[in-house]
Protein chains: 4
Amino acid sequence: MSKNIAAEIIYETPIEEQKIEIVERKGIGHPDSIADAIAEEVSKNLSRMYIEEYNRILHHNTDETQIVGGQAKPSFGGGLLLEPIYILLVGRAVTRVGDNRLPYRSTALRAAREYLEENCPHLDADEDVILDCRIGKGSIDLMEVYDTKKGLANDTSFGVSFAPLSDTERLALETEKYINGPLKSELPEIGQDIKVMAVRNKDSIDLTIAAAMVDKFVPDKDHYISVKQDLKERVMKKAEDITERDVNVMVNTADDYGNDVYYLTVTGLSMENGDDGSVGRGNRLNGLITPFRPMSMEASAGKNPVTHVGKLYNIASNEIAQKIYEEESDGIHEVFVRLVSQIGKPINDPQVASIQMVVAEGENKNTKMYSAEAIAEEYLDNIHNLKDRILNDEISVF
Amino acid sequence: MSKNIAAEIIYETPIEEQKIEIVERKGIGHPDSIADAIAEEVSKNLSRMYIEEYNRILHHNTDETQIVGGQAKPSFGGGLLLEPIYILLVGRAVTRVGDNRLPYRSTALRAAREYLEENCPHLDADEDVILDCRIGKGSIDLMEVYDTKKGLANDTSFGVSFAPLSDTERLALETEKYINGPLKSELPEIGQDIKVMAVRNKDSIDLTIAAAMVDKFVPDKDHYISVKQDLKERVMKKAEDITERDVNVMVNTADDYGNDVYYLTVTGLSMENGDDGSVGRGNRLNGLITPFRPMSMEASAGKNPVTHVGKLYNIASNEIAQKIYEEESDGIHEVFVRLVSQIGKPINDPQVASIQMVVAEGENKNTKMYSAEAIAEEYLDNIHNLKDRILNDEISVF
Amino acid sequence: MSKNIAAEIIYETPIEEQKIEIVERKGIGHPDSIADAIAEEVSKNLSRMYIEEYNRILHHNTDETQIVGGQAKPSFGGGLLLEPIYILLVGRAVTRVGDNRLPYRSTALRAAREYLEENCPHLDADEDVILDCRIGKGSIDLMEVYDTKKGLANDTSFGVSFAPLSDTERLALETEKYINGPLKSELPEIGQDIKVMAVRNKDSIDLTIAAAMVDKFVPDKDHYISVKQDLKERVMKKAEDITERDVNVMVNTADDYGNDVYYLTVTGLSMENGDDGSVGRGNRLNGLITPFRPMSMEASAGKNPVTHVGKLYNIASNEIAQKIYEEESDGIHEVFVRLVSQIGKPINDPQVASIQMVVAEGENKNTKMYSAEAIAEEYLDNIHNLKDRILNDEISVF
Amino acid sequence: MSKNIAAEIIYETPIEEQKIEIVERKGIGHPDSIADAIAEEVSKNLSRMYIEEYNRILHHNTDETQIVGGQAKPSFGGGLLLEPIYILLVGRAVTRVGDNRLPYRSTALRAAREYLEENCPHLDADEDVILDCRIGKGSIDLMEVYDTKKGLANDTSFGVSFAPLSDTERLALETEKYINGPLKSELPEIGQDIKVMAVRNKDSIDLTIAAAMVDKFVPDKDHYISVKQDLKERVMKKAEDITERDVNVMVNTADDYGNDVYYLTVTGLSMENGDDGSVGRGNRLNGLITPFRPMSMEASAGKNPVTHVGKLYNIASNEIAQKIYEEESDGIHEVFVRLVSQIGKPINDPQVASIQMVVAEGENKNTKMYSAEAIAEEYLDNIHNLKDRILNDEISVF
């Protein structure tokens, strides 16, 4: 293979046959997800600014937004924020081309504010958020390595993913999307900050949901309890579409009615009251945290979509794994893809592209391996198209 | 099992037999490692302050330090820092007990500064670092859940680890420790910021080392090249003690002598010039990033050592896996441990403790499973001792 | 006198007869004025919050807003901001009453943002301003001294003012108000940041005006020059209503057309490009800086309107001087009033109230003194009414 | 006169004959004084850096340091700081000459930290101070106006001063210097933060001293009271050397022993507990706040010593007034000097230099005026020497 692509067949107890499985999904309102989203929006908007000005994306990396939780005093019927949330935009960007200086910080601040306004309907981004920015200039060395036309990797880094999702994984992912999607109009009491923890023990799945309630929509304790019950029932019903296993749903397990402890918020967001958030600490690119599966530690959000392998290879490994699984799903149980770059080498030519497959007995392994390598090669040949799909908001990174 | 401990035997191609393996070790001077270290030192010093004042550790969580890289102008013979590094301490802590207010921020700032002074010998922490602090008060809900005497989990979270380390893993880990340890006196030119990427392809291991050179010790290009050569040879020699596989060492591969690109720094730290760092983005608790292995996304550094399962369960899963492997190593190839808590439940009684073992053929599986569960149970019964070992600096978290 | 009021007749060459006079007026868009305004708005809004919650104004002092100038790239026809303006709200406030915590920071942030939106029409406060807040809790000692019902002074401080305004003073003041008022619709090219320096040499007054032009309304150099000419003519015409002296108007004297130096801005505000601002550094309470006149160094803006003598005594001395002059203007050339408090003593009973008058020859000095003291005493008896007028926006402090 | 110098004789009741006089001196530990000092040290150190690198002082202006008070818990025998003091360095500076970038922020941070370490002996600058820096690049327009060789004024601004000091003024000034100087070894209990308010009523002077006590040196209330008594006696004794008037000394008048209110601090500085500070809000260049005297609003501290008239003209007017008074003191009661620049014009050629003198009867006014103008002219001819004296620490600005 011209591209150091190495497929292999491995033996492994398939995830569905393992006794235990743990999966976590941090919803879009979780502080780590918000940090990811802001970092990504900042990168996209900087990219668009560069394209408008220079017709190509210049170097930047804004993958380190830090959210410092505020202080809130929620109460049934409506409470208030006591201290604002502090959000620090971090990273670097090309800020000057020759003598032409670019409005990188204004662009970043606007992107962050707009994201909050659109996605956190119960948060007053003007009043309750301090938005700060310490994005600086890029490293000199990296700058010199970097040249968008060549498409060289800016780091030695890797991307990791797998396919397909297990029942438990789909359940965690789709439950959150359901609550934050179709259910929103029916249960407006439930805020954006939802965390789903799915623990499968053989054929029984415990689904623990932490759902921040928006206090202005919850007049009293009885209403709170009824929303929880309602949520539980709807999620259990929805789960039937996803898995045949037994699903046991628990909502806001830290509640303690006797001591007046409820998961009540003003904004539907736990960052209003002490929960901090940071890029790269939450969901992986496929939207999940899966300790029984291979994962990358690399944050995808906020990295530039042209040279930053930490982003591109995570997307690529996920999509390659899916493609291989889809095209060859008959005989393939599981696919794991890992891509490693080497700094200064072309993005489309990784140092290593490892494809591992668990195949059904009786399959022709060589055929599978050959076919998988071909899929990976074709994908890598076109990896430079990713940036357009990213800027068109077609790829989610958390 | 009283503690929801579930051992199982799984089938899996052992890591040493898989074709490809990728392992990364971020050295102690990497910005993510420094963020981890500062967060952990802050937590330890807050813990000591609480113990001194109240004879027990009060609630805190300082696991979100953010480092914003500075700007530097290194040059052979000695350069200078142009803009200071900015470090923001984040988190929350009990700041008041009744009417008694506690010096939490001063304690945090001192801890951070002392760490930098002791571990970054070429950094002037007074002049070249802006140390800021936005640590705030804890969340009210968590506060109420929290009671150190009960030892209840403060979150639904999990810890993940495995044993033993593979050849490639030990190679990555020990190479960095060797360079930042015994080699320091012989090659003072090499700074603290070292990144080791090990990629094994069958029986050949590529070890890519990025080592920040301290410019004041490097008079010119020739010296720089000779240090690289020296480093390469010593690492290759050292590697012979660790693995019998072929090891190919590459140092500072982004260098481009023709264009005067060297990995030269003033302080031996890449954060001097644009590299940001954040807690929980670097090494896992065992010191490594291992995408071919199960990992936790949970940051261990900075979490309190009494109730924060995100820390305790990561330590516990690592030590349980090691214990099982050590006591039963004859017939066990690999052990994977995952522990899941449930918010508000006792720490020593996890929601799930999953132990997976790959055992040699012919072993009695039931015996292995029983024995592993017994080890885990005993460990969990004593998990409250962890806090003392943490405060005695006996446990590394990155 | 029961209130330590001491009037005296002094001899002094009246200001209009002195050879030289210097007067400065910083317009509402000057960074120091914006700092003053924000500090004052924050105080007013905190006051209103306290009244709503507790029916009285609680202790606060927000008199130290710091503005850090941004970076801009203005150009004829419209430029852009490169780096946002940073504004730090500083001070302290009662943030908790018993167990009831108050949203002091959100209130402060909203007040600041609203002021900018209403008064800086060409500034995008969302995108081009980083609004930060480090307002903290009040000092314990002051807290204990402080009790709004008693109306005790919170500091040993003083207020100083005089009446009437001289020709030159009225000219400086009214010129700025004219440009930022009625002229705005006719000359929209002129921004809010206007600085007027009036230097009288005998009967000739040089009026130097620095007026930030808003670039989007100025297509080219010719237009720029014509606006300056237009401004000059209108100001000279207006000056005829104010003084009979010769007035020589100069606009933007630092311009250097040959080197393309113009006073062009994107926002009409010099703080967009490097000009910092700070509370208490600009106009005194009467709207002017008058080095030939007695002045207080005490910032009035942002201080609480109940106990803070640094604010109340500046207002009081100004209004007492005006009242004395108005009621007794026949025979009085000039009145100077200074009030000194003593910490912990009632506001309406100053340590010293000094009234100095320059009277016409032949006037009965004792009558004048007696009458002035009576005016001062009555005013002080009603000083507690000031807070209502302040909250009704009836009193300008800069 | 070639330099627009205009001397005049005015009639005025000399200050010593006026009934009332008010004078304030903020000691070196007052937060406004510390802000002034830090701003000035930053400017001096930037100047030295520029000289070392380019043999001349480049443009900078760092006259806006903001201090945000911390929180402290003092107690007899020794308390502690609860929250650190936050100090923000603000301003702008030439940060790059051609391609050569300069370490302006590191230089500024070091200057600030060193000042605190040397002048605040009971403050732990590492632990109890957050030192931040937002010094940015200079304004483009000003940059172009600026050229150190030409020595042109960078602003339309003025300097104001007078001579000689009155009894009350000398008393206020020297009392603070005495307490913070010779008395320190004898009364170590007294911290650096001392505020002296002198109110003269005819021939009686009330001297109100607020002196922060350092708690670790004050074991109990009795000791506290005895130190106050001791201080009072020594100051009264010292006052006899300065004035023949009756002096009544009051110390820490806000104390309320019954309610346990003392002016006790951990560090000897009120900024430890809620007192904010800002440049240009405290003493004028002569070390005093004198509302019965002409004053400039212009902050001298932190401005560059080459082109910034706001600094140079304040120094110059003070020294010119003193020179005139000293050389001509026989017949001169009082001298007032005001200098006005015009942006872009040479520093040594002011727009106006106003000299006002109150002379004794029978003096030859023309001779006095001619002589004064000659002194002023000679001084202005040599004004460029000021920068050396400033950098040699020969000129105090607050």
# chains A, B, ... in the order shown; residues from 1 in each chain; ligands from 1
$ interface_residues --of "chain D" --to "chain B" --cutoff "10 Å" --atoms "only C-alpha atoms" --output "number ranges by chain"
D: 71-73, 80-86, 95, 100-114, 124-133
$ residues_around --residues "range 281-286 of chain A" --least-positions-apart "6" --cutoff "6 Å" --atoms "only C-alpha atoms" --output "ChimeraX atom specification"
/A:32,397-398
$ residues_around --residues "range 13-23 of chain A" --least-positions-apart "5" --cutoff "10 Å" --atoms "only C-alpha atoms" --output "tab-separated table (two decimals) with C-alpha atoms, in the first residue's frame"
chain	number	residue	atom	x	y	z
A	165	LEU	CA	-22.21	1.57	17.47
A	166	SER	CA	-23.52	-0.99	19.92
A	167	ASP	CA	-27.08	-1.02	21.20
A	168	THR	CA	-26.01	0.69	24.41
A	169	GLU	CA	-24.10	3.34	22.50
A	170	ARG	CA	-27.01	4.12	20.23
A	171	LEU	CA	-29.28	4.22	23.22
A	172	ALA	CA	-27.16	6.78	25.07
A	173	LEU	CA	-26.69	8.93	21.98
A	196	VAL	CA	-26.87	10.15	29.93
A	197	MET	CA	-24.94	7.28	31.49
A	198	ALA	CA	-25.75	3.85	30.14
A	199	VAL	CA	-24.48	0.77	31.96
A	200	ARG	CA	-25.27	-2.55	30.41
A	201	ASN	CA	-25.04	-5.66	32.52
A	202	LYS	CA	-25.62	-8.59	30.21
A	203	ASP	CA	-29.06	-7.88	28.76
A	204	SER	CA	-30.18	-5.21	31.10
A	205	ILE	CA	-29.33	-1.55	30.60
A	206	ASP	CA	-29.44	1.07	33.35
A	207	LEU	CA	-29.95	4.47	31.82
A	288	LEU	CA	-19.93	9.39	23.02
A	289	ILE	CA	-17.52	8.45	25.76
A	290	THR	CA	-16.88	4.72	25.44
A	291	PRO	CA	-14.32	3.26	27.83
A	292	PHE	CA	-14.84	-0.21	26.38
A	293	ARG	CA	-13.80	1.05	22.97
A	333	HIS	CA	-18.56	-7.60	13.39
A	334	GLU	CA	-16.39	-4.66	14.31
A	358	VAL	CA	-13.30	-8.68	13.81
A	359	VAL	CA	-14.81	-10.83	11.10
B	6	ALA	CA	-18.43	-8.80	37.70
B	7	ALA	CA	-15.43	-10.61	36.33
B	8	GLU	CA	-15.50	-12.21	32.91
B	9	ILE	CA	-13.13	-13.95	30.56
B	10	ILE	CA	-12.94	-12.41	27.11
B	11	TYR	CA	-11.16	-13.41	23.94
B	12	GLU	CA	-8.94	-10.90	22.34
B	13	THR	CA	-5.82	-10.85	20.24
B	158	PHE	CA	-16.03	5.94	35.97
B	338	ARG	CA	-13.69	-0.43	34.79
B	339	LEU	CA	-15.47	0.98	37.82
B	340	VAL	CA	-18.70	2.98	37.63
B	352	VAL	CA	-20.54	-1.74	38.49
B	353	ALA	CA	-17.01	-3.09	38.76
B	354	SER	CA	-16.17	-4.82	35.53
B	355	ILE	CA	-13.09	-7.03	35.34
B	356	GLN	CA	-12.21	-8.51	31.99
$ select_by_dssp --residues "range 261-391 of chain C" --states "alpha helix (DSSP H)" --output "PyMOL selection string"
chain C and resi 309-327+365-381+386-391
